[in-house]
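Peer 1: What follows is a structure written as structure tokens; I'll ask about it next.
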Amino acid sequence: MRRLPSSVCSPSSHRLNPVTSMATGSNSLIWFRKGLRVHDNPALEHASKASSGSMYPVFVIDPRYMEPDPSAFSPGSSRAGVNRIRFLLESLKDLDSGLKKLGSRLLVLRGEPGEVLVRCLREWKVKRLCFEYDTDPYYQALDFKVKEYASSVGVEVFSPVSHTLFNPTDIIQKNGGKAPLSYQSFLKIAGEPSCAESELLMSYSSLPPIGDVGSIGVSEVPKLEELGYREDEQDEWTPFRGGESEALERLTKSISDKAWVANFEKPKGDPSALLKPATTVLSPYLKKFGCLSSRYFYQCLQRVYKDMKKHTSPPVSLLGQLLWREFFYTTAFGTRNFDKMKGNPICKQIPWKEDHDMLAAWRDGKTGYPWIDAIMVQLLKWGWMHHLARHSVACFLTRGDLFIHWEQGRDVFERLLIDSDWAINNGNWMWLSCSSFFYQALPPPFYNRIYSPVSFGKKYDPEGKYIRHFLPVLKDMPKQYIYEPWTAPLSVQTKAKCIVGKDYPKPMVMHDAASKECKRKMGEAYALNKKMNGNIGDDDLKDLRRKLETDEESNIRNQRPKLN
Ligand code: FAD
């Protein structure tokens, strides 16, 4: 076994020569869910200590998650777009080849994960069950059942916290039983993570062998086609490949440019940068599948900072981004109904609108605002967009223009993002919709600061290259009209082979009027939240919705030109 002291965290340090693992115990099972990696994986390390017996590395494919759903709005299952399914299969394949190099392999099983696990524990006479601790509600419930069974039959369970730098439970405890609700207070309470100085186990010389699998049906990692998908399902796929090898290579590339790391300042990145994204694109590796250890990333960043005289700091630095992740994990874990507006003590109660057609237009990239539509098409095709691009479309859907519920936007992101993450997605949607986390001391209220669907993107990409890439229908539109094609004279639209209203939609709302309406509604909703001190019932919300709609109708009536 090879441990990596923090002091040797150079870009190539994960290729250090391994030494042999220790031997004790009997059969163990390492259950991979996230944490799809060999490096810095304490659950794998613990399971491997049973090298006098066998070690069964298992991944369970849950058909409910993976089966194609022909009724879904885009290729994929009901829960995940096809990009993320492919990314997961690539990550599993890479993990399998990593394990094979060490004399083991990944055993892929299918079914309801809890039931499958129990069968494996029984059939393989497992004495030690190891899996990474997970704070997502789905895993909390599942793990509770599995642990209960394991303890009833005397199986030792080892479930370390290694997806995050900190243990959210510790932070909440330190904060008197409550999750810190601001980033600054989180930083103060959290301090340095314990992994800052610890040595990470990056590799092994070998792993214990797989035992007899008996009557349990195991398979190799399936191909996308074997799950019922087709490679021609999409005309453009995400350029990001899944897997630990890819994650480490991406990390190496990012941190080898020390000046870039030292000067990283989040809000300054270009959300329209296509060929070379302005950020690391490590989120799919860190979040969803754990192909990259956040602790290793942390140590590498600290190493760069030590070498550079000056560097940026949290919240805007690269380390600051990693700490945002920790912040959201902690608040999500410590907050009841974190993924809902109702019954969520930190979420403002806002009478959002229900409008399926508007939601579908936004989701399908058909709002008539090229900046918004291009971002939504990038989401459909790549499953990843820059943070500020996410800001733009989330603001547009909710408090900026359409006044649609953040939970509905959250669902679309949750299904399509390759880095989709329960805590972070919900947290950011609440943030962007001004439903939570904004506690501004000074006026004007934050909800008055709205991203323009026209000028915000133009600032970064005046030529509209990003729009032309994702919306080829606008590729010949002159640059002065690319963000507002409805303002182009018909002769220009004809020449560009894009007639607005026929080849590309007219804007679904006029931004100036729509955003004014949204601000008014947010103002009234905030006032009600303040008056009721957060104790708003369904009827209060219904009354406010009715009032806002009536006011909106009369505003529209008053704005119509009067006929004499
Ligand atoms: P970098 O800027 O290179 O940052 C490095 C790492 O820091 C990221 O990989 C990520 O792990 C973390 N990080 C960066 N920004 C944030 C943030 N705001 N919150 C938490 N962690 C952060 N991120 C997800 O991983 N999953 C989601 O489901 C998700 N949903 C989002 C929804 C909305 C509405 C918004 C506005 C943002 C969302 N984000 C989500 C946060 C953020 O946009 C992405 O983490 C980031 O763009 C990923 O790109 P990167 O890896 O290049 O980030």
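Identifiers in this document derive from the order of the structure tokens: chains are assigned A, B, ..., residues are numbered from 1 separately in each chain, and ligands are numbered from 1 in order of occurrence.
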Enumerate residues in contact with ligand 1: an atom-to-atom distance of at most 6 Å, counting only C-alpha atoms and all ligand atoms. Format the result as a PyMOL selection string.
Peer 2: chain A and resi 279-283+286-287+318+321-322+324-325+386-387+390-391+394+419-421+424-425+428-429
Peer 1: Would you list, as a PyMOL selection string, the residues of range 189-282 of chain A that end up in strand (DSSP E or B) under DSSP run on this structure's backbone?
Peer 2: chain A and resi 200-203+219
Peer 1: Just to be explicit: take each residue in the selection above, keep all heavy atoms, and write the result as a short mmCIF file (atom, residue, chain, number, x, y, z; two decimals), in the first residue's frame.
Peer 2:
```
data_model
loop_
_atom_site.label_atom_id
_atom_site.label_comp_id
_atom_site.auth_asym_id
_atom_site.auth_seq_id
_atom_site.Cartn_x
_atom_site.Cartn_y
_atom_site.Cartn_z
N LEU A 200 -2.59 10.16 2.32
CA LEU A 200 -3.67 9.50 1.59
C LEU A 200 -3.13 8.25 0.90
O LEU A 200 -2.05 8.28 0.31
CB LEU A 200 -4.27 10.44 0.55
CG LEU A 200 -4.76 11.81 1.06
CD1 LEU A 200 -5.29 12.65 -0.09
CD2 LEU A 200 -5.85 11.62 2.12
N LEU A 201 -3.92 7.20 0.96
CA LEU A 201 -3.51 5.96 0.28
C LEU A 201 -3.90 6.08 -1.19
O LEU A 201 -5.09 6.13 -1.50
CB LEU A 201 -4.21 4.77 0.94
CG LEU A 201 -3.95 3.42 0.28
CD1 LEU A 201 -2.48 3.06 0.31
CD2 LEU A 201 -4.77 2.34 0.97
N MET A 202 -2.90 6.15 -2.05
CA MET A 202 -3.20 6.43 -3.45
C MET A 202 -3.22 5.18 -4.33
O MET A 202 -3.80 5.19 -5.41
CB MET A 202 -2.17 7.42 -4.01
CG MET A 202 -2.24 8.79 -3.36
SD MET A 202 -3.86 9.56 -3.55
CE MET A 202 -3.79 10.10 -5.24
N SER A 203 -2.53 4.12 -3.88
CA SER A 203 -2.48 2.95 -4.76
C SER A 203 -2.15 1.69 -3.96
O SER A 203 -1.80 1.78 -2.78
CB SER A 203 -1.45 3.19 -5.85
OG SER A 203 -1.53 2.17 -6.78
N SER A 219 -22.04 -9.67 -13.69
CA SER A 219 -21.64 -9.45 -15.08
C SER A 219 -20.52 -8.43 -15.14
O SER A 219 -20.14 -7.84 -14.12
CB SER A 219 -22.84 -8.95 -15.89
OG SER A 219 -23.16 -7.64 -15.49
#
```
Peer 1: As a ChimeraX atom specification, list the residues of range 13-141 of chain A assigned to alpha helix (DSSP H) by DSSP on the backbone atoms of this structure.
Peer 2: /A:42-48,63-66,82-101,113-123,137-141
Peer 1: Using only C-alpha atoms, which residue out of A:Pro472, A:Gly464, A:Gly214, A:Pro445 lies closest to Trp371 in chain A?
Peer 2: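 Among the listed residues, the smallest separation from Trp371 in chain A belongs to A:Gly464.
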Peer 1: Using only C-alpha atoms, which residue out of A:Leu301, A:Gly334, A:Pro160, A:Leu207 lies closest to Gln173 in chain A?
Peer 2: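 Nearest to Gln173 in chain A: A:Gly334.
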Peer 1: Env of Val157 in chain A: 8 Å cut, atoms = only C-alpha atoms, seq-sep filter 4 positions within chain, self excluded. Answer as an MDAnalysis selection string.
Peer 2: chainID A and resid 128:130 147 150:151
Peer 1: Counting only C-alpha atoms, which residue out of A:Ala525, A:Met358, A:Leu224, A:Ala488 sits closest to Gly76 in chain A?
Peer 2: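 That would be A:Leu224, the residue with the smallest distance to Gly76 in chain A.
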Peer 1: Kindly indicate which residue among A:Ser78, A:Asn167, A:Ser433, A:Gln349 lies nearest to Asp540 in chain A, using only C-alpha atoms for the distances.
Peer 2: A:Gln349
Peer 1: Using only C-alpha atoms, can you tell me which of A:Leu117, A:Ala262, A:Leu29, A:Cys347 comes closest to Val304 in chain A?
Peer 2: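 Ranking A:Leu117, A:Ala262, A:Leu29, A:Cys347 by distance to Val304 in chain A, first place goes to A:Ala262.
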Peer 1: Near Ile418 in chain A, within 9 Å and counting only C-alpha atoms, which residues show up once chain neighbours fewer than 2 positions away are dropped, as a tab-separated table (two decimals) with N, CA, C and O atoms, in the first residue's frame?
Peer 2:
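Written out: selection_25.tsv:
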```
chain	number	residue	atom	x	y	z
A	80	ALA	N	-32.29	9.99	-15.14
A	80	ALA	CA	-31.00	10.50	-15.62
A	80	ALA	C	-30.99	10.60	-17.13
A	80	ALA	O	-31.47	9.68	-17.83
A	81	GLY	N	-30.44	11.69	-17.63
A	81	GLY	CA	-30.25	11.83	-19.07
A	81	GLY	C	-29.19	10.83	-19.52
A	81	GLY	O	-28.38	10.34	-18.73
A	83	ASN	N	-26.53	11.15	-21.19
A	83	ASN	CA	-25.13	11.55	-20.98
A	83	ASN	C	-24.60	11.06	-19.64
A	83	ASN	O	-23.47	10.60	-19.53
A	84	ARG	N	-25.45	11.19	-18.60
A	84	ARG	CA	-24.96	10.79	-17.28
A	84	ARG	C	-24.87	9.27	-17.17
A	84	ARG	O	-23.99	8.74	-16.51
A	85	ILE	N	-25.79	8.59	-17.85
A	85	ILE	CA	-25.73	7.12	-17.82
A	85	ILE	C	-24.43	6.66	-18.50
A	85	ILE	O	-23.73	5.79	-17.99
A	87	PHE	N	-21.71	8.41	-18.80
A	87	PHE	CA	-20.60	8.84	-17.93
A	87	PHE	C	-20.41	7.83	-16.79
A	87	PHE	O	-19.28	7.47	-16.45
A	88	LEU	N	-21.51	7.36	-16.25
A	88	LEU	CA	-21.43	6.37	-15.17
A	88	LEU	C	-20.81	5.07	-15.68
A	88	LEU	O	-19.91	4.50	-15.03
A	238	THR	N	-21.72	14.69	-24.59
A	238	THR	CA	-20.83	15.44	-23.72
A	238	THR	C	-19.36	15.14	-24.07
A	238	THR	O	-19.02	13.98	-24.32
A	283	SER	N	-16.40	18.91	-11.50
A	283	SER	CA	-17.61	18.58	-10.72
A	283	SER	C	-18.20	17.20	-11.03
A	283	SER	O	-18.59	16.50	-10.09
A	284	PRO	N	-18.25	16.76	-12.30
A	284	PRO	CA	-18.83	15.42	-12.50
A	284	PRO	C	-18.00	14.33	-11.82
A	284	PRO	O	-18.52	13.28	-11.46
A	288	LYS	N	-20.86	13.71	-8.52
A	288	LYS	CA	-21.83	12.66	-8.76
A	288	LYS	C	-21.24	11.28	-8.53
A	288	LYS	O	-21.85	10.42	-7.93
A	382	TRP	N	-24.54	18.38	-23.47
A	382	TRP	CA	-23.30	18.13	-22.73
A	382	TRP	C	-23.53	17.71	-21.28
A	382	TRP	O	-22.66	17.15	-20.65
A	383	GLY	N	-24.68	18.10	-20.73
A	383	GLY	CA	-24.92	17.81	-19.31
A	383	GLY	C	-24.03	18.63	-18.39
A	383	GLY	O	-23.89	18.33	-17.21
A	384	TRP	N	-23.45	19.67	-18.90
A	384	TRP	CA	-22.59	20.54	-18.07
A	384	TRP	C	-22.63	21.96	-18.64
A	384	TRP	O	-22.61	22.13	-19.86
A	414	GLU	N	-31.49	18.19	-12.34
A	414	GLU	CA	-31.16	16.93	-11.64
A	414	GLU	C	-31.10	15.77	-12.64
A	414	GLU	O	-30.25	14.91	-12.54
A	415	ARG	N	-32.00	15.79	-13.60
A	415	ARG	CA	-32.01	14.68	-14.56
A	415	ARG	C	-30.88	14.82	-15.59
A	415	ARG	O	-30.26	13.83	-15.96
A	416	LEU	N	-30.60	16.05	-16.02
A	416	LEU	CA	-29.70	16.20	-17.17
A	416	LEU	C	-28.23	16.45	-16.84
A	416	LEU	O	-27.36	16.14	-17.66
A	420	SER	N	-24.90	16.26	-11.58
A	420	SER	CA	-26.09	16.42	-10.74
A	420	SER	C	-25.85	15.92	-9.31
A	420	SER	O	-25.41	14.80	-9.12
A	421	ASP	N	-26.14	16.77	-8.36
A	421	ASP	CA	-25.84	16.44	-6.97
A	421	ASP	C	-26.98	16.96	-6.10
A	421	ASP	O	-27.32	18.15	-6.16
```
Peer 1: Would you list the contacts of range 362-370 of chain A as a PyMOL selection string, taking every protein, DNA or RNA residue within 6 Å and counting only C-alpha atoms, but skipping same-chain residues closer than 5 positions in sequence?
Peer 2: chain A and resi 376-377+483+505-508
Peer 1: Please list as a ChimeraX atom specification every residue within 6 Å of range 244-257 of chain A, counting only C-alpha atoms and excluding residues in the same chain fewer than 6 positions away.
Peer 2: /A:11,37,285,291-292
Peer 1: Go ahead and save the residues from that selection, with all heavy atoms, as an mmCIF file, in the first residue's frame.
Peer 2:
```
data_model
loop_
_atom_site.group_PDB
_atom_site.id
_atom_site.type_symbol
_atom_site.label_atom_id
_atom_site.label_comp_id
_atom_site.auth_asym_id
_atom_site.auth_seq_id
_atom_site.Cartn_x
_atom_site.Cartn_y
_atom_site.Cartn_z
ATOM 1 N N PRO A 11 1.639 17.189 -9.382
ATOM 2 C CA PRO A 11 0.670 16.709 -10.350
ATOM 3 C C PRO A 11 0.808 15.227 -10.686
ATOM 4 O O PRO A 11 -0.149 14.579 -11.020
ATOM 5 C CB PRO A 11 0.942 17.572 -11.576
ATOM 6 C CG PRO A 11 1.501 18.822 -11.014
ATOM 7 C CD PRO A 11 2.242 18.430 -9.780
ATOM 8 N N ARG A 37 -13.509 5.043 -7.328
ATOM 9 C CA ARG A 37 -12.077 5.277 -7.498
ATOM 10 C C ARG A 37 -11.298 4.311 -6.615
ATOM 11 O O ARG A 37 -11.824 3.788 -5.629
ATOM 12 C CB ARG A 37 -11.719 6.722 -7.101
ATOM 13 C CG ARG A 37 -12.025 7.036 -5.657
ATOM 14 C CD ARG A 37 -11.608 8.440 -5.256
ATOM 15 N NE ARG A 37 -11.775 8.632 -3.823
ATOM 16 C CZ ARG A 37 -12.878 9.105 -3.263
ATOM 17 N NH1 ARG A 37 -13.919 9.426 -4.012
ATOM 18 N NH2 ARG A 37 -12.955 9.243 -1.951
ATOM 19 N N TYR A 285 -16.702 14.588 -11.670
ATOM 20 C CA TYR A 285 -15.809 13.583 -11.089
ATOM 21 C C TYR A 285 -15.859 13.624 -9.561
ATOM 22 O O TYR A 285 -15.765 12.601 -8.898
ATOM 23 C CB TYR A 285 -14.372 13.812 -11.579
ATOM 24 C CG TYR A 285 -14.296 13.845 -13.086
ATOM 25 C CD1 TYR A 285 -14.377 15.046 -13.789
ATOM 26 C CD2 TYR A 285 -14.217 12.666 -13.818
ATOM 27 C CE1 TYR A 285 -14.355 15.077 -15.179
ATOM 28 C CE2 TYR A 285 -14.191 12.678 -15.206
ATOM 29 C CZ TYR A 285 -14.266 13.897 -15.873
ATOM 30 O OH TYR A 285 -14.261 13.920 -17.244
ATOM 31 N N CYS A 291 -15.198 10.027 -8.694
ATOM 32 C CA CYS A 291 -14.020 9.476 -9.397
ATOM 33 C C CYS A 291 -12.761 10.180 -8.886
ATOM 34 O O CYS A 291 -11.649 9.686 -9.090
ATOM 35 C CB CYS A 291 -14.125 9.720 -10.895
ATOM 36 S SG CYS A 291 -15.596 9.050 -11.644
ATOM 37 N N LEU A 292 -12.942 11.354 -8.313
ATOM 38 C CA LEU A 292 -11.819 12.111 -7.781
ATOM 39 C C LEU A 292 -12.053 12.359 -6.298
ATOM 40 O O LEU A 292 -13.142 12.748 -5.900
ATOM 41 C CB LEU A 292 -11.715 13.463 -8.517
ATOM 42 C CG LEU A 292 -10.613 14.403 -8.034
ATOM 43 C CD1 LEU A 292 -9.233 13.814 -8.326
ATOM 44 C CD2 LEU A 292 -10.727 15.766 -8.711
#
```
Peer 1: Select, from A:Val155, A:Ile556, A:Met66, A:Val261, the residue with the minimum atom-to-atom distance to Ser317 in chain A, counting only C-alpha atoms.
Peer 2: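 Looking at the shortest contact to Ser317 in chain A, the residue is A:Val261.
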Peer 1: Leu490 in chain A: which residues within 12 Å, counting only C-alpha atoms, same-chain residues fewer than 3 positions away excluded, as a PyMOL selection string?
Peer 2: chain A and resi 477+481+485-487+493-502
Peer 1: Can I get the selection written as a CSV table (one decimal), in the first residue's frame, with all heavy atoms?
Peer 2:
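What ended up in part-v3.csv:
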```
chain,number,residue,atom,x,y,z
A,477,MET,N,-26.8,34.7,-38.4
A,477,MET,CA,-27.4,35.9,-37.9
A,477,MET,C,-26.2,36.9,-37.6
A,477,MET,O,-25.3,36.6,-36.9
A,477,MET,CB,-28.2,35.7,-36.6
A,477,MET,CG,-29.1,36.8,-36.2
A,477,MET,SD,-30.3,37.4,-37.3
A,477,MET,CE,-31.5,36.1,-37.4
A,481,TYR,N,-27.4,41.3,-34.0
A,481,TYR,CA,-28.8,40.8,-33.7
A,481,TYR,C,-28.8,39.4,-33.0
A,481,TYR,O,-29.8,38.9,-32.7
A,481,TYR,CB,-29.6,40.6,-35.0
A,481,TYR,CG,-29.7,41.9,-35.8
A,481,TYR,CD1,-29.1,42.1,-37.0
A,481,TYR,CD2,-30.4,43.0,-35.2
A,481,TYR,CE1,-29.2,43.3,-37.7
A,481,TYR,CE2,-30.5,44.2,-35.9
A,481,TYR,CZ,-29.9,44.3,-37.2
A,481,TYR,OH,-30.0,45.5,-37.9
A,485,PRO,N,-32.6,38.3,-31.9
A,485,PRO,CA,-32.9,38.2,-33.4
A,485,PRO,C,-34.2,38.8,-33.8
A,485,PRO,O,-34.4,39.1,-35.0
A,485,PRO,CB,-32.9,36.7,-33.6
A,485,PRO,CG,-33.0,36.0,-32.2
A,485,PRO,CD,-32.5,37.0,-31.3
A,486,TRP,N,-35.2,38.9,-32.9
A,486,TRP,CA,-36.5,39.5,-33.3
A,486,TRP,C,-36.4,40.9,-33.7
A,486,TRP,O,-37.3,41.5,-34.3
A,486,TRP,CB,-37.5,39.3,-32.1
A,486,TRP,CG,-37.2,40.0,-30.9
A,486,TRP,CD1,-37.6,41.3,-30.5
A,486,TRP,CD2,-36.3,39.6,-29.8
A,486,TRP,NE1,-37.1,41.6,-29.3
A,486,TRP,CE2,-36.3,40.6,-28.8
A,486,TRP,CE3,-35.6,38.4,-29.6
A,486,TRP,CZ2,-35.6,40.5,-27.6
A,486,TRP,CZ3,-34.9,38.3,-28.4
A,486,TRP,CH2,-34.9,39.4,-27.4
A,487,THR,N,-35.3,41.6,-33.3
A,487,THR,CA,-35.1,43.0,-33.7
A,487,THR,C,-34.5,43.1,-35.1
A,487,THR,O,-34.4,44.3,-35.6
A,487,THR,CB,-34.2,43.7,-32.7
A,487,THR,OG1,-32.9,43.1,-32.7
A,487,THR,CG2,-34.8,43.7,-31.3
A,493,GLN,N,-33.2,38.7,-41.5
A,493,GLN,CA,-33.6,37.4,-41.1
A,493,GLN,C,-33.6,36.5,-42.3
A,493,GLN,O,-33.2,35.3,-42.2
A,493,GLN,CB,-35.0,37.4,-40.4
A,493,GLN,CG,-35.0,38.2,-39.2
A,493,GLN,CD,-36.4,38.2,-38.5
A,493,GLN,OE1,-37.2,37.3,-38.7
A,493,GLN,NE2,-36.7,39.2,-37.7
A,494,THR,N,-34.1,37.0,-43.4
A,494,THR,CA,-34.2,36.2,-44.6
A,494,THR,C,-32.8,35.8,-45.1
A,494,THR,O,-32.5,34.6,-45.4
A,494,THR,CB,-34.9,37.0,-45.8
A,494,THR,OG1,-36.1,37.5,-45.2
A,494,THR,CG2,-35.2,36.1,-47.0
A,495,LYS,N,-31.9,36.7,-45.1
A,495,LYS,CA,-30.5,36.5,-45.6
A,495,LYS,C,-29.9,35.5,-44.6
A,495,LYS,O,-29.1,34.6,-45.1
A,495,LYS,CB,-29.8,37.8,-45.6
A,495,LYS,CG,-28.5,37.7,-46.3
A,495,LYS,CD,-27.9,39.0,-46.7
A,495,LYS,CE,-26.5,38.8,-47.2
A,495,LYS,NZ,-25.6,39.7,-46.7
A,496,ALA,N,-30.2,35.6,-43.3
A,496,ALA,CA,-29.6,34.6,-42.4
A,496,ALA,C,-30.3,33.3,-42.3
A,496,ALA,O,-29.9,32.4,-41.5
A,496,ALA,CB,-29.6,35.3,-41.0
A,497,LYS,N,-31.3,33.1,-43.2
A,497,LYS,CA,-32.1,31.9,-43.2
A,497,LYS,C,-32.7,31.5,-41.9
A,497,LYS,O,-32.7,30.4,-41.4
A,497,LYS,CB,-31.3,30.7,-43.8
A,497,LYS,CG,-30.8,30.9,-45.3
A,497,LYS,CD,-30.1,29.8,-45.8
A,497,LYS,CE,-28.6,29.8,-45.8
A,497,LYS,NZ,-27.7,30.8,-45.5
A,498,CYS,N,-33.1,32.6,-41.2
A,498,CYS,CA,-33.7,32.3,-39.9
A,498,CYS,C,-34.8,33.4,-39.6
A,498,CYS,O,-34.5,34.5,-39.2
A,498,CYS,CB,-32.6,32.4,-38.8
A,498,CYS,SG,-33.3,32.1,-37.2
A,499,ILE,N,-36.0,33.0,-39.9
A,499,ILE,CA,-37.2,33.9,-39.7
A,499,ILE,C,-37.7,33.7,-38.3
A,499,ILE,O,-38.1,32.5,-37.9
A,499,ILE,CB,-38.3,33.6,-40.7
A,499,ILE,CG1,-37.8,33.6,-42.2
A,499,ILE,CG2,-39.5,34.6,-40.5
A,499,ILE,CD1,-37.3,35.0,-42.7
A,500,VAL,N,-37.7,34.7,-37.5
A,500,VAL,CA,-38.2,34.6,-36.1
A,500,VAL,C,-39.7,34.4,-36.1
A,500,VAL,O,-40.4,35.1,-36.8
A,500,VAL,CB,-37.8,35.9,-35.3
A,500,VAL,CG1,-38.3,35.8,-33.9
A,500,VAL,CG2,-36.2,36.0,-35.3
A,501,GLY,N,-40.1,33.4,-35.4
A,501,GLY,CA,-41.5,33.0,-35.4
A,501,GLY,C,-41.7,31.8,-36.2
A,501,GLY,O,-42.8,31.1,-36.1
A,502,LYS,N,-40.7,31.5,-37.1
A,502,LYS,CA,-40.9,30.3,-38.0
A,502,LYS,C,-39.7,29.4,-37.7
A,502,LYS,O,-39.9,28.2,-37.3
A,502,LYS,CB,-40.9,30.8,-39.5
A,502,LYS,CG,-41.0,29.7,-40.5
A,502,LYS,CD,-41.3,30.2,-41.9
A,502,LYS,CE,-40.8,29.3,-42.9
A,502,LYS,NZ,-39.4,29.5,-43.4
```
